[in-house]
Amino acid sequence: MQKNSNIKDLTIGNPMSLIMGFAVSLLWGMLFQQLYNIIDTAIVSWTLGKEAYAGMGSTGAVNFLIMGFCMGVCNGFAIPIAQRFGAKDYKSMRKFYTHAIILCSVFAVVMTFLVSIFCRQILVAMKTPDSLLQYAYSYIIVIFLGIPATYMYNLLSATIRALGDSKHPVQFLIFGSILNIALDLVFIMVFHWGISGAAFATVLSQIFTGVMCLIHILKKIELLKLSKEDWQIDRSHFLILFNMGVPMGLQYSITAIGSVILQTAINGLGEDAVTAVTTASKVTMFFCIPFDALGSTMATYGGQNVGAKRLDHLTDGLKAACKIGSIYSILAFVIIYFFGRYFAMIFIDASEVVCLDNAHTYLIWNSIFWIPLALVNIVRFLIQGMGYSMFAVIAGVMEMIGRTLVATVLVPHFGFMAVCLASPVAWILADAFLIPAFFAVRNKLQKIFDGQVEIY
């Protein structure tokens, strides 16, 4: 069967070159997406005002709680696809693909129904300031109604990446981001839909990118040409997907629970604190894109190499990724230290001195600990790609514990300074678990392969 030329086997070749090549392709798309996020947020701030901007920002944690689960599930479903691709078992690979589509469809319907009903109650429980509540609700309810689009795009793009093609999902993401910016301007400045317009633009652009991924799979990827046999239900495939996907989704959500608790504590510090953290978080997300790209790369790299039983190649890849992440972390810290305040001024007027000072302080303290953050992304996603998603859940629990302790114990006594240290504490606790977990998983797989026992 003829394979698409962009499909890449990550089990053969120099690990540093393979990881850099795959990650850089992802990086461009993620950079463009974050550039869109910055423009999107800036448009809201410039046109709708500080309260609308802070209201949108106050939904970040609960947004990640729900959408993170969707993304985690889809990335988890792509792991058996990557493993079967690495093992050259294309029949089973297609079976996992069809069963993943079925599961995502069910999850999308159930989640959309539930979170839409309880959306306002969640925001109230998070102590969202009254001045921000309606803005927050108007934005996040539309985002939640777009959950099916989130599942569609993330599953299809993760499937394409599982086959070693990181270029096409990036191209589609760039087109979608351009459309998003255009729709932002139309919905907010022409139709005057307010903050809901920004949310509608996000959902519609995600539908667009999902459709582009689907068209690409149908027309270009011969390995995923489906037959009636591929759709025949196999409970064992559902079980494997469930065991891979749900723990990864829970890992995102459990991590986000800590963020929700922390956001609740931040909301209690007032509108200025919410604005500062919202601003610093936007800047942080842009600078942390390389960590996300490395993480997504290592999930595919781990899946393919475990499928091919190349554990030596897998360990070499971990070393290469850690070098890349550490070098970038140091460079990014230097930039943040000297220029972080100017990045914050993209969103906050220069007259908001207190907000700018707090945002810059938050950025400096977080960027000092970006090497531990790089390790969290690299090791966690690699372990997931190796087929041990439950360890990611435990790492998520460690992050949740870290943020929860800071939010409940330190923030009431030390205020905003404690908020600045919440994420670093979470990353260090997660690394304390993940690093020994990787070697335990690798040793276990080595014993399985030596005994010629099936992975599952």
# chains A, B, ... in the order shown; residues from 1 in each chain; ligands from 1
$ residues_around --residues "range 338-341 of chain A" --least-positions-apart "2" --cutoff "12 Å" --atoms "only C-alpha atoms" --output "short mmCIF file (atom, residue, chain, number, x, y, z; two decimals) with all heavy atoms, in the first residue's frame"
data_model
loop_
_atom_site.label_atom_id
_atom_site.label_comp_id
_atom_site.auth_asym_id
_atom_site.auth_seq_id
_atom_site.Cartn_x
_atom_site.Cartn_y
_atom_site.Cartn_z
N ALA A 276 -3.37 40.85 36.08
CA ALA A 276 -1.92 40.59 36.02
C ALA A 276 -1.62 39.15 35.66
O ALA A 276 -0.77 38.87 34.80
CB ALA A 276 -1.27 40.94 37.36
N THR A 279 -2.54 38.36 32.04
CA THR A 279 -1.52 38.90 31.13
C THR A 279 -0.26 38.05 31.14
O THR A 279 0.26 37.67 30.08
CB THR A 279 -1.18 40.34 31.54
OG1 THR A 279 -2.36 41.14 31.45
CG2 THR A 279 -0.11 40.92 30.64
N ALA A 280 0.24 37.75 32.34
CA ALA A 280 1.47 36.95 32.44
C ALA A 280 1.26 35.56 31.85
O ALA A 280 2.17 35.01 31.23
CB ALA A 280 1.88 36.84 33.91
N SER A 281 0.07 35.01 32.01
CA SER A 281 -0.21 33.68 31.47
C SER A 281 -0.18 33.70 29.95
O SER A 281 0.29 32.74 29.32
CB SER A 281 -1.56 33.19 31.96
OG SER A 281 -1.56 33.03 33.37
N LYS A 282 -0.70 34.77 29.35
CA LYS A 282 -0.66 34.88 27.89
C LYS A 282 0.77 34.92 27.38
O LYS A 282 1.13 34.26 26.40
CB LYS A 282 -1.42 36.13 27.44
CG LYS A 282 -2.93 36.06 27.63
CD LYS A 282 -3.54 35.01 26.73
CE LYS A 282 -5.04 34.95 26.89
NZ LYS A 282 -5.65 33.88 26.05
N VAL A 283 1.61 35.71 28.04
CA VAL A 283 3.02 35.79 27.64
C VAL A 283 3.71 34.45 27.87
O VAL A 283 4.47 33.96 27.04
CB VAL A 283 3.74 36.91 28.42
CG1 VAL A 283 5.23 36.94 28.06
CG2 VAL A 283 3.09 38.26 28.13
N THR A 284 3.43 33.82 29.02
CA THR A 284 4.03 32.53 29.35
C THR A 284 3.67 31.46 28.32
O THR A 284 4.53 30.69 27.89
CB THR A 284 3.57 32.07 30.75
OG1 THR A 284 4.04 33.00 31.73
CG2 THR A 284 4.11 30.69 31.07
N PHE A 286 3.02 31.80 25.24
CA PHE A 286 3.78 32.01 24.01
C PHE A 286 5.20 31.49 24.15
O PHE A 286 5.71 30.79 23.26
CB PHE A 286 3.79 33.50 23.68
CG PHE A 286 4.42 33.81 22.35
CD1 PHE A 286 3.69 33.68 21.18
CD2 PHE A 286 5.74 34.23 22.26
CE1 PHE A 286 4.27 33.96 19.94
CE2 PHE A 286 6.33 34.51 21.04
CZ PHE A 286 5.59 34.37 19.87
N PHE A 287 5.85 31.79 25.27
CA PHE A 287 7.23 31.36 25.45
C PHE A 287 7.35 29.86 25.72
O PHE A 287 8.43 29.29 25.53
CB PHE A 287 7.88 32.15 26.59
CG PHE A 287 8.46 33.47 26.16
CD1 PHE A 287 7.68 34.61 26.12
CD2 PHE A 287 9.79 33.56 25.75
CE1 PHE A 287 8.20 35.82 25.71
CE2 PHE A 287 10.32 34.76 25.33
CZ PHE A 287 9.53 35.90 25.31
N LEU A 331 17.75 30.52 27.55
CA LEU A 331 17.61 31.67 26.64
C LEU A 331 16.30 32.42 26.90
O LEU A 331 16.27 33.65 26.92
CB LEU A 331 17.66 31.19 25.19
CG LEU A 331 18.99 30.61 24.70
CD1 LEU A 331 18.85 30.06 23.29
CD2 LEU A 331 20.09 31.69 24.74
N ALA A 332 15.23 31.67 27.12
CA ALA A 332 13.92 32.31 27.34
C ALA A 332 13.91 33.10 28.64
O ALA A 332 13.31 34.19 28.71
CB ALA A 332 12.83 31.24 27.36
N PHE A 333 14.55 32.58 29.68
CA PHE A 333 14.60 33.30 30.96
C PHE A 333 15.29 34.65 30.78
O PHE A 333 14.83 35.67 31.31
CB PHE A 333 15.34 32.48 32.01
CG PHE A 333 15.72 33.29 33.22
CD1 PHE A 333 14.75 33.70 34.13
CD2 PHE A 333 17.04 33.68 33.44
CE1 PHE A 333 15.09 34.47 35.24
CE2 PHE A 333 17.39 34.45 34.53
CZ PHE A 333 16.41 34.85 35.44
N VAL A 334 16.39 34.67 30.04
CA VAL A 334 17.12 35.93 29.83
C VAL A 334 16.22 36.95 29.13
O VAL A 334 16.17 38.14 29.51
CB VAL A 334 18.39 35.68 29.00
CG1 VAL A 334 19.06 37.00 28.62
CG2 VAL A 334 19.37 34.80 29.78
N ILE A 335 15.48 36.51 28.13
CA ILE A 335 14.59 37.42 27.40
C ILE A 335 13.48 37.95 28.32
O ILE A 335 13.18 39.15 28.34
CB ILE A 335 13.98 36.70 26.18
CG1 ILE A 335 15.08 36.36 25.17
CG2 ILE A 335 12.91 37.58 25.52
CD1 ILE A 335 14.62 35.48 24.02
N ILE A 336 12.89 37.05 29.10
CA ILE A 336 11.81 37.45 30.01
C ILE A 336 12.32 38.43 31.06
O ILE A 336 11.65 39.42 31.40
CB ILE A 336 11.20 36.21 30.70
CG1 ILE A 336 10.31 35.44 29.74
CG2 ILE A 336 10.42 36.61 31.95
CD1 ILE A 336 9.05 36.18 29.33
N PHE A 343 6.48 42.92 27.02
CA PHE A 343 5.52 41.96 26.49
C PHE A 343 4.16 42.12 27.18
O PHE A 343 3.11 42.03 26.54
CB PHE A 343 6.02 40.53 26.67
CG PHE A 343 7.17 40.16 25.79
CD1 PHE A 343 8.41 39.83 26.32
CD2 PHE A 343 7.03 40.14 24.41
CE1 PHE A 343 9.47 39.49 25.52
CE2 PHE A 343 8.09 39.80 23.58
CZ PHE A 343 9.32 39.49 24.14
N ALA A 344 4.19 42.39 28.49
CA ALA A 344 2.94 42.58 29.23
C ALA A 344 2.19 43.81 28.74
O ALA A 344 0.95 43.84 28.78
CB ALA A 344 3.23 42.69 30.73
N MET A 345 2.91 44.80 28.25
CA MET A 345 2.28 46.03 27.79
C MET A 345 1.51 45.85 26.49
O MET A 345 0.80 46.76 26.05
CB MET A 345 3.33 47.13 27.65
CG MET A 345 3.87 47.63 29.00
SD MET A 345 5.26 48.79 28.84
CE MET A 345 4.46 50.16 28.03
N ILE A 346 1.62 44.68 25.88
CA ILE A 346 0.77 44.38 24.72
C ILE A 346 -0.69 44.34 25.14
O ILE A 346 -1.60 44.73 24.39
CB ILE A 346 1.17 43.03 24.08
CG1 ILE A 346 2.59 43.11 23.52
CG2 ILE A 346 0.18 42.62 22.99
CD1 ILE A 346 3.12 41.77 23.03
N PHE A 347 -0.92 43.91 26.39
CA PHE A 347 -2.28 43.71 26.88
C PHE A 347 -2.72 44.78 27.89
O PHE A 347 -3.90 45.03 28.04
CB PHE A 347 -2.39 42.34 27.57
CG PHE A 347 -1.88 41.21 26.73
CD1 PHE A 347 -0.61 40.68 26.94
CD2 PHE A 347 -2.65 40.67 25.73
CE1 PHE A 347 -0.13 39.64 26.17
CE2 PHE A 347 -2.19 39.63 24.95
CZ PHE A 347 -0.92 39.11 25.16
N ILE A 348 -1.76 45.37 28.62
CA ILE A 348 -2.08 46.31 29.70
C ILE A 348 -1.52 47.68 29.35
O ILE A 348 -0.36 47.81 28.94
CB ILE A 348 -1.50 45.83 31.04
CG1 ILE A 348 -1.99 44.43 31.39
CG2 ILE A 348 -1.89 46.79 32.16
CD1 ILE A 348 -1.39 43.87 32.66
N ASP A 349 -2.32 48.69 29.56
CA ASP A 349 -1.88 50.06 29.32
C ASP A 349 -0.74 50.42 30.28
O ASP A 349 -0.71 49.96 31.43
CB ASP A 349 -3.05 51.02 29.52
CG ASP A 349 -2.70 52.43 29.07
OD1 ASP A 349 -2.84 52.72 27.87
OD2 ASP A 349 -2.28 53.23 29.94
N ALA A 350 0.18 51.23 29.82
CA ALA A 350 1.35 51.61 30.62
C ALA A 350 0.95 52.31 31.93
O ALA A 350 1.73 52.31 32.89
CB ALA A 350 2.26 52.52 29.81
N GLU A 352 -1.30 51.29 33.96
CA GLU A 352 -1.65 50.26 34.95
C GLU A 352 -0.36 49.74 35.59
O GLU A 352 0.05 48.59 35.40
CB GLU A 352 -2.42 49.12 34.28
CG GLU A 352 -3.71 49.53 33.63
CD GLU A 352 -4.83 49.71 34.64
OE1 GLU A 352 -4.65 49.34 35.82
OE2 GLU A 352 -5.89 50.23 34.25
N VAL A 353 0.28 50.58 36.39
CA VAL A 353 1.61 50.29 36.92
C VAL A 353 1.60 49.04 37.82
O VAL A 353 2.48 48.17 37.71
CB VAL A 353 2.16 51.50 37.70
CG1 VAL A 353 3.52 51.16 38.30
CG2 VAL A 353 2.27 52.70 36.78
N VAL A 354 0.62 48.94 38.72
CA VAL A 354 0.56 47.80 39.65
C VAL A 354 0.39 46.49 38.88
O VAL A 354 1.08 45.50 39.15
CB VAL A 354 -0.58 47.99 40.67
CG1 VAL A 354 -0.72 46.74 41.53
CG2 VAL A 354 -0.32 49.20 41.54
N CYS A 355 -0.51 46.48 37.92
CA CYS A 355 -0.73 45.27 37.12
C CYS A 355 0.52 44.87 36.35
O CYS A 355 0.88 43.69 36.28
CB CYS A 355 -1.90 45.48 36.16
SG CYS A 355 -3.52 45.51 36.94
N LEU A 356 1.20 45.86 35.78
CA LEU A 356 2.42 45.58 35.02
C LEU A 356 3.52 45.03 35.93
O LEU A 356 4.22 44.06 35.56
CB LEU A 356 2.91 46.85 34.32
CG LEU A 356 2.16 47.25 33.05
CD1 LEU A 356 2.65 48.61 32.57
CD2 LEU A 356 2.36 46.21 31.95
N ASP A 357 3.68 45.63 37.10
CA ASP A 357 4.70 45.15 38.05
C ASP A 357 4.42 43.70 38.46
O ASP A 357 5.33 42.86 38.50
CB ASP A 357 4.73 46.04 39.29
CG ASP A 357 5.35 47.40 39.01
OD1 ASP A 357 6.01 47.54 37.97
OD2 ASP A 357 5.15 48.31 39.83
N ASN A 358 3.17 43.42 38.78
CA ASN A 358 2.81 42.06 39.18
C ASN A 358 2.98 41.06 38.05
O ASN A 358 3.46 39.94 38.26
CB ASN A 358 1.36 42.03 39.68
CG ASN A 358 1.20 42.64 41.06
OD1 ASN A 358 2.16 42.78 41.81
ND2 ASN A 358 -0.02 43.03 41.40
N ALA A 359 2.60 41.46 36.85
CA ALA A 359 2.74 40.56 35.71
C ALA A 359 4.21 40.23 35.46
O ALA A 359 4.57 39.07 35.20
CB ALA A 359 2.12 41.19 34.46
N HIS A 360 5.08 41.24 35.54
CA HIS A 360 6.51 41.00 35.31
C HIS A 360 7.11 40.13 36.41
O HIS A 360 7.93 39.23 36.15
CB HIS A 360 7.25 42.34 35.24
CG HIS A 360 8.63 42.21 34.68
ND1 HIS A 360 9.63 43.13 34.91
CD2 HIS A 360 9.21 41.25 33.90
CE1 HIS A 360 10.74 42.75 34.31
NE2 HIS A 360 10.52 41.61 33.70
N THR A 361 6.69 40.36 37.64
CA THR A 361 7.17 39.52 38.76
C THR A 361 6.77 38.07 38.54
O THR A 361 7.58 37.15 38.74
CB THR A 361 6.59 40.03 40.09
OG1 THR A 361 7.01 41.37 40.31
CG2 THR A 361 7.05 39.15 41.25
N TYR A 362 5.53 37.86 38.16
CA TYR A 362 5.03 36.51 37.88
C TYR A 362 5.85 35.84 36.77
O TYR A 362 6.25 34.67 36.89
CB TYR A 362 3.57 36.59 37.47
CG TYR A 362 2.88 35.27 37.23
CD1 TYR A 362 2.10 34.68 38.23
CD2 TYR A 362 3.00 34.60 36.02
CE1 TYR A 362 1.46 33.46 38.01
CE2 TYR A 362 2.36 33.39 35.79
CZ TYR A 362 1.60 32.82 36.79
OH TYR A 362 0.97 31.62 36.57
N LEU A 363 6.13 36.58 35.71
CA LEU A 363 6.89 36.03 34.58
C LEU A 363 8.31 35.63 34.99
O LEU A 363 8.80 34.57 34.61
CB LEU A 363 6.96 37.07 33.45
CG LEU A 363 5.67 37.27 32.64
CD1 LEU A 363 5.78 38.51 31.76
CD2 LEU A 363 5.41 36.03 31.78
N ILE A 364 8.97 36.47 35.78
CA ILE A 364 10.35 36.17 36.19
C ILE A 364 10.40 34.92 37.05
O ILE A 364 11.22 34.01 36.80
CB ILE A 364 10.96 37.37 36.94
CG1 ILE A 364 11.20 38.54 35.96
CG2 ILE A 364 12.28 36.97 37.61
CD1 ILE A 364 11.66 39.81 36.63
N TRP A 365 9.54 34.84 38.05
CA TRP A 365 9.60 33.69 38.95
C TRP A 365 9.22 32.39 38.24
O TRP A 365 9.75 31.33 38.56
CB TRP A 365 8.70 33.93 40.16
CG TRP A 365 9.37 34.77 41.20
CD1 TRP A 365 9.16 36.09 41.46
CD2 TRP A 365 10.41 34.35 42.08
NE1 TRP A 365 10.00 36.53 42.46
CE2 TRP A 365 10.78 35.47 42.87
CE3 TRP A 365 11.06 33.13 42.30
CZ2 TRP A 365 11.77 35.41 43.84
CZ3 TRP A 365 12.05 33.07 43.28
CH2 TRP A 365 12.38 34.20 44.04
N ASN A 366 8.31 32.45 37.29
CA ASN A 366 7.98 31.24 36.54
C ASN A 366 9.11 30.83 35.60
O ASN A 366 9.47 29.66 35.51
CB ASN A 366 6.69 31.45 35.73
CG ASN A 366 5.45 31.11 36.54
OD1 ASN A 366 4.80 30.11 36.30
ND2 ASN A 366 5.12 31.95 37.51
N SER A 367 9.70 31.79 34.91
CA SER A 367 10.73 31.47 33.91
C SER A 367 12.01 30.92 34.55
O SER A 367 12.77 30.19 33.90
CB SER A 367 11.05 32.70 33.05
OG SER A 367 11.52 33.77 33.84
#
$ atom_distance --atom1 "CA of Phe69 in chain A" --atom2 "CA of Asn154 in chain A"
11.1 Å
$ residues_around --residues "Gly325 in chain A" --least-positions-apart "4" --cutoff "7 Å" --atoms "only C-alpha atoms" --output "number ranges by chain"
A: 291, 321, 329, 371, 374
$ closest_residue --among "A:Pro247, A:Gly396, A:Gly451, A:Pro290" --to "Ile324 in chain A" --atoms "only C-alpha atoms"
A:Pro290
$ closest_atom_pairs --of "range 119-206 of chain A" --to "range 17-29 of chain A" --cutoff "10 Å" --atoms "only C-alpha atoms" --output "JSON lines"
{"residue": "A:Arg161", "atom": "CA", "partner": "A:Phe22", "partner_atom": "CA", "distance": 9.2}
{"residue": "A:Gly164", "atom": "CA", "partner": "A:Phe22", "partner_atom": "CA", "distance": 7.8}
{"residue": "A:Asp165", "atom": "CA", "partner": "A:Phe22", "partner_atom": "CA", "distance": 8.0}
{"residue": "A:Ser166", "atom": "CA", "partner": "A:Ser25", "partner_atom": "CA", "distance": 5.9}
{"residue": "A:Lys167", "atom": "CA", "partner": "A:Ser25", "partner_atom": "CA", "distance": 5.5}
{"residue": "A:His168", "atom": "CA", "partner": "A:Ser25", "partner_atom": "CA", "distance": 9.0}
{"residue": "A:Pro169", "atom": "CA", "partner": "A:Gly29", "partner_atom": "CA", "distance": 7.8}
{"residue": "A:Val170", "atom": "CA", "partner": "A:Gly29", "partner_atom": "CA", "distance": 4.4}
{"residue": "A:Gln171", "atom": "CA", "partner": "A:Gly29", "partner_atom": "CA", "distance": 6.8}
{"residue": "A:Phe172", "atom": "CA", "partner": "A:Gly29", "partner_atom": "CA", "distance": 8.4}
{"residue": "A:Leu173", "atom": "CA", "partner": "A:Gly29", "partner_atom": "CA", "distance": 5.9}
{"residue": "A:Ile174", "atom": "CA", "partner": "A:Gly29", "partner_atom": "CA", "distance": 5.8}
{"residue": "A:Phe175", "atom": "CA", "partner": "A:Gly29", "partner_atom": "CA", "distance": 9.5}
{"residue": "A:Ser177", "atom": "CA", "partner": "A:Gly29", "partner_atom": "CA", "distance": 9.1}
$ write_last_selection --atoms "N, CA and C atoms" --output "tab-separated table (two decimals), in the first residue's frame"
chain	number	residue	atom	x	y	z
A	161	ARG	N	-0.33	13.07	13.17
A	161	ARG	CA	0.99	13.13	13.82
A	161	ARG	C	1.48	11.75	14.24
A	164	GLY	N	3.69	10.19	11.95
A	164	GLY	CA	4.96	10.88	11.71
A	164	GLY	C	4.86	12.13	10.86
A	165	ASP	N	3.63	12.57	10.55
A	165	ASP	CA	3.45	13.77	9.72
A	165	ASP	C	3.06	14.94	10.63
A	166	SER	N	4.02	15.78	10.94
A	166	SER	CA	3.72	16.94	11.78
A	166	SER	C	3.48	18.20	10.95
A	167	LYS	N	3.73	18.13	9.64
A	167	LYS	CA	3.65	19.33	8.80
A	167	LYS	C	2.21	19.72	8.46
A	168	HIS	N	1.41	18.75	8.05
A	168	HIS	CA	0.06	19.10	7.62
A	168	HIS	C	-0.82	19.64	8.75
A	169	PRO	N	-0.81	19.02	9.95
A	169	PRO	CA	-1.60	19.62	11.03
A	169	PRO	C	-1.20	21.06	11.32
A	170	VAL	N	0.10	21.36	11.16
A	170	VAL	CA	0.58	22.72	11.38
A	170	VAL	C	0.02	23.67	10.32
A	171	GLN	N	0.05	23.23	9.07
A	171	GLN	CA	-0.47	24.07	7.99
A	171	GLN	C	-1.95	24.38	8.20
A	172	PHE	N	-2.71	23.36	8.59
A	172	PHE	CA	-4.14	23.56	8.82
A	172	PHE	C	-4.37	24.50	10.01
A	173	LEU	N	-3.51	24.36	11.02
A	173	LEU	CA	-3.62	25.21	12.21
A	173	LEU	C	-3.35	26.67	11.85
A	174	ILE	N	-2.39	26.90	10.99
A	174	ILE	CA	-2.08	28.26	10.55
A	174	ILE	C	-3.26	28.87	9.79
A	175	PHE	N	-3.83	28.10	8.86
A	175	PHE	CA	-5.00	28.59	8.12
A	175	PHE	C	-6.15	28.90	9.08
A	177	SER	N	-5.93	29.69	12.25
A	177	SER	CA	-5.61	30.85	13.07
A	177	SER	C	-5.86	32.15	12.32
$ residues_around --residues "range 225-238 of chain A" --least-positions-apart "6" --cutoff "7 Å" --atoms "only C-alpha atoms" --output "PyMOL selection string"
chain A and resi 94-96+98-99+218
$ closest_residue --among "A:Met67, A:Ala426, A:Ile147, A:Ala136" --to "Gly55 in chain A" --atoms "only C-alpha atoms"
A:Ala136
$ residues_around --residues "Gly385 in chain A" --least-positions-apart "3" --cutoff "6 Å" --atoms "only C-alpha atoms" --output "list in words"
Ile79, Ala299, Gly302, Gly303 and Leu382 of chain A
$ closest_residue --among "A:Ile240, A:Leu103, A:Leu250, A:Val186" --to "Ile66 in chain A" --atoms "only C-alpha atoms"
A:Leu250
$ atom_distance --atom1 "CA of Phe144 in chain A" --atom2 "CA of Cys119 in chain A"
8.4 Å
$ closest_residue --among "A:Lys91, A:His313, A:Arg380, A:His192" --to "Tyr301 in chain A" --atoms "only C-alpha atoms"
A:His313
$ residues_around --residues "Thr278 in chain A" --least-positions-apart "6" --cutoff "9 Å" --atoms "only C-alpha atoms" --output "list in words"
Tyr53, Ala54, Met56, Gly57, Ser58, Gly60 and Ala359 of chain A
$ write_last_selection --atoms "N, CA, C and O atoms" --output "PDB file, in the first residue's frame"
ATOM      1  N   TYR A  53     -11.698  41.841  29.121  1.00  0.00           N
ATOM      2  CA  TYR A  53     -10.411  41.142  29.020  1.00  0.00           C
ATOM      3  C   TYR A  53     -10.164  40.269  30.247  1.00  0.00           C
ATOM      4  O   TYR A  53      -9.807  39.090  30.137  1.00  0.00           O
ATOM      5  N   ALA A  54     -10.385  40.823  31.447  1.00  0.00           N
ATOM      6  CA  ALA A  54     -10.179  40.056  32.676  1.00  0.00           C
ATOM      7  C   ALA A  54     -11.213  38.932  32.801  1.00  0.00           C
ATOM      8  O   ALA A  54     -10.908  37.837  33.283  1.00  0.00           O
ATOM      9  N   MET A  56     -12.631  37.252  30.338  1.00  0.00           N
ATOM     10  CA  MET A  56     -12.170  36.195  29.441  1.00  0.00           C
ATOM     11  C   MET A  56     -11.010  35.433  30.085  1.00  0.00           C
ATOM     12  O   MET A  56     -10.956  34.198  30.066  1.00  0.00           O
ATOM     13  N   GLY A  57     -10.085  36.169  30.699  1.00  0.00           N
ATOM     14  CA  GLY A  57      -8.932  35.539  31.333  1.00  0.00           C
ATOM     15  C   GLY A  57      -9.299  34.695  32.535  1.00  0.00           C
ATOM     16  O   GLY A  57      -8.665  33.675  32.810  1.00  0.00           O
ATOM     17  N   SER A  58     -10.363  35.094  33.241  1.00  0.00           N
ATOM     18  CA  SER A  58     -10.764  34.348  34.440  1.00  0.00           C
ATOM     19  C   SER A  58     -11.293  32.954  34.110  1.00  0.00           C
ATOM     20  O   SER A  58     -11.435  32.124  35.007  1.00  0.00           O
ATOM     21  N   GLY A  60      -9.742  30.903  32.107  1.00  0.00           N
ATOM     22  CA  GLY A  60      -8.636  30.090  31.609  1.00  0.00           C
ATOM     23  C   GLY A  60      -8.508  28.737  32.280  1.00  0.00           C
ATOM     24  O   GLY A  60      -8.323  27.706  31.622  1.00  0.00           O
ATOM     25  N   ALA A 359       2.597  41.463  36.853  1.00  0.00           N
ATOM     26  CA  ALA A 359       2.737  40.561  35.707  1.00  0.00           C
ATOM     27  C   ALA A 359       4.206  40.229  35.455  1.00  0.00           C
ATOM     28  O   ALA A 359       4.566  39.070  35.199  1.00  0.00           O
TER      29      ALA A 359
END
